[in-house]
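Written out below as structure tokens is the structure these notes cover.
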Amino acid sequence: MAGPEADAQLQSLGIKKDFNSCTLTGRMNCVLATYEGITLLVLYFKLKPKKTLAVKAT
């Protein structure tokens, strides 16, 4: 049933327009954002400098 709610969804602005779950483009953007987030986490932990323990000279 097409009522005022349907008109409000079509007129959404901002981030709701880019990441809505009603359109194929919005769903694709959600998936791509998830993949990018996972990739950034993996790269962060992979490229993070390793902590080295100081050796005492005694």
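In the structure tokens, chains take letters A, B, ... by order of appearance, with residues numbered from 1 within each chain and ligands from 1 in the order shown.
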
* To do: May I have all residues of stretch 2-53 of chain A that DSSP, computed from the backbone, assigns to alpha helix (DSSP H), given as a count of residues only?
  => 35

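Atom CA of A:Val42 lies 27.0 Å from atom CA of A:Ala54.
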
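Taking atom CA of A:Lys46 as the reference point, atom CA of A:Val31 is found at 22.6 Å.
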
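Atom pair atom CA of A:Tyr35 / atom CA of A:Gly14: separated by 21.2 Å.
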
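When only C-alpha atoms are used to compute distances to A:Leu32, the closest of the residues A:Ala57, A:Leu13, A:Pro49, A:Asp18 turns out to be A:Asp18.
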
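Look at A:Gly26: the protein and nucleic acid residues within 12 Å of it, using only C-alpha atoms and passing over chain neighbours fewer than 5 places away, are A:Ser12, A:Ile15, A:Lys16, A:Lys17, A:Asp18, A:Phe19, A:Asn20, A:Ser21, A:Val31, A:Leu32, A:Ala33.
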
Write out the residues from the selection above, keeping N, CA, C and O atoms, as a PDB file, in the first residue's frame.
ATOM      1  N   SER A  12      14.149  10.531   1.247  1.00  0.00           N
ATOM      2  CA  SER A  12      15.149  10.569   2.307  1.00  0.00           C
ATOM      3  C   SER A  12      16.417  11.247   1.807  1.00  0.00           C
ATOM      4  O   SER A  12      16.776  11.179   0.650  1.00  0.00           O
ATOM      5  N   ILE A  15      22.692  10.398   4.759  1.00  0.00           N
ATOM      6  CA  ILE A  15      23.223   9.046   4.841  1.00  0.00           C
ATOM      7  C   ILE A  15      22.119   8.001   4.662  1.00  0.00           C
ATOM      8  O   ILE A  15      22.373   6.889   4.211  1.00  0.00           O
ATOM      9  N   LYS A  16      20.878   8.366   4.995  1.00  0.00           N
ATOM     10  CA  LYS A  16      19.766   7.426   4.799  1.00  0.00           C
ATOM     11  C   LYS A  16      19.564   7.102   3.333  1.00  0.00           C
ATOM     12  O   LYS A  16      19.161   6.004   2.985  1.00  0.00           O
ATOM     13  N   LYS A  17      19.873   8.055   2.454  1.00  0.00           N
ATOM     14  CA  LYS A  17      19.713   7.828   1.031  1.00  0.00           C
ATOM     15  C   LYS A  17      20.779   6.865   0.516  1.00  0.00           C
ATOM     16  O   LYS A  17      20.510   6.015  -0.332  1.00  0.00           O
ATOM     17  N   ASP A  18      22.005   6.980   1.060  1.00  0.00           N
ATOM     18  CA  ASP A  18      23.116   6.162   0.574  1.00  0.00           C
ATOM     19  C   ASP A  18      23.098   4.743   1.118  1.00  0.00           C
ATOM     20  O   ASP A  18      23.589   3.821   0.471  1.00  0.00           O
ATOM     21  N   PHE A  19      22.572   4.551   2.313  1.00  0.00           N
ATOM     22  CA  PHE A  19      22.638   3.247   2.970  1.00  0.00           C
ATOM     23  C   PHE A  19      21.262   2.684   3.312  1.00  0.00           C
ATOM     24  O   PHE A  19      21.100   2.057   4.345  1.00  0.00           O
ATOM     25  N   ASN A  20      20.258   2.889   2.463  1.00  0.00           N
ATOM     26  CA  ASN A  20      18.955   2.323   2.788  1.00  0.00           C
ATOM     27  C   ASN A  20      18.881   0.873   2.317  1.00  0.00           C
ATOM     28  O   ASN A  20      19.622   0.434   1.433  1.00  0.00           O
ATOM     29  N   SER A  21      17.999   0.105   2.920  1.00  0.00           N
ATOM     30  CA  SER A  21      17.909  -1.322   2.603  1.00  0.00           C
ATOM     31  C   SER A  21      16.806  -1.618   1.598  1.00  0.00           C
ATOM     32  O   SER A  21      16.545  -2.785   1.324  1.00  0.00           O
ATOM     33  N   VAL A  31      27.205  -3.260   1.977  1.00  0.00           N
ATOM     34  CA  VAL A  31      28.156  -4.366   1.843  1.00  0.00           C
ATOM     35  C   VAL A  31      29.564  -3.832   1.619  1.00  0.00           C
ATOM     36  O   VAL A  31      30.530  -4.289   2.240  1.00  0.00           O
ATOM     37  N   LEU A  32      29.706  -2.852   0.735  1.00  0.00           N
ATOM     38  CA  LEU A  32      31.025  -2.290   0.461  1.00  0.00           C
ATOM     39  C   LEU A  32      31.613  -1.604   1.688  1.00  0.00           C
ATOM     40  O   LEU A  32      32.819  -1.717   1.952  1.00  0.00           O
ATOM     41  N   ALA A  33      30.793  -0.921   2.466  1.00  0.00           N
ATOM     42  CA  ALA A  33      31.280  -0.279   3.684  1.00  0.00           C
ATOM     43  C   ALA A  33      31.742  -1.328   4.698  1.00  0.00           C
ATOM     44  O   ALA A  33      32.755  -1.134   5.387  1.00  0.00           O
TER      45      ALA A  33
END
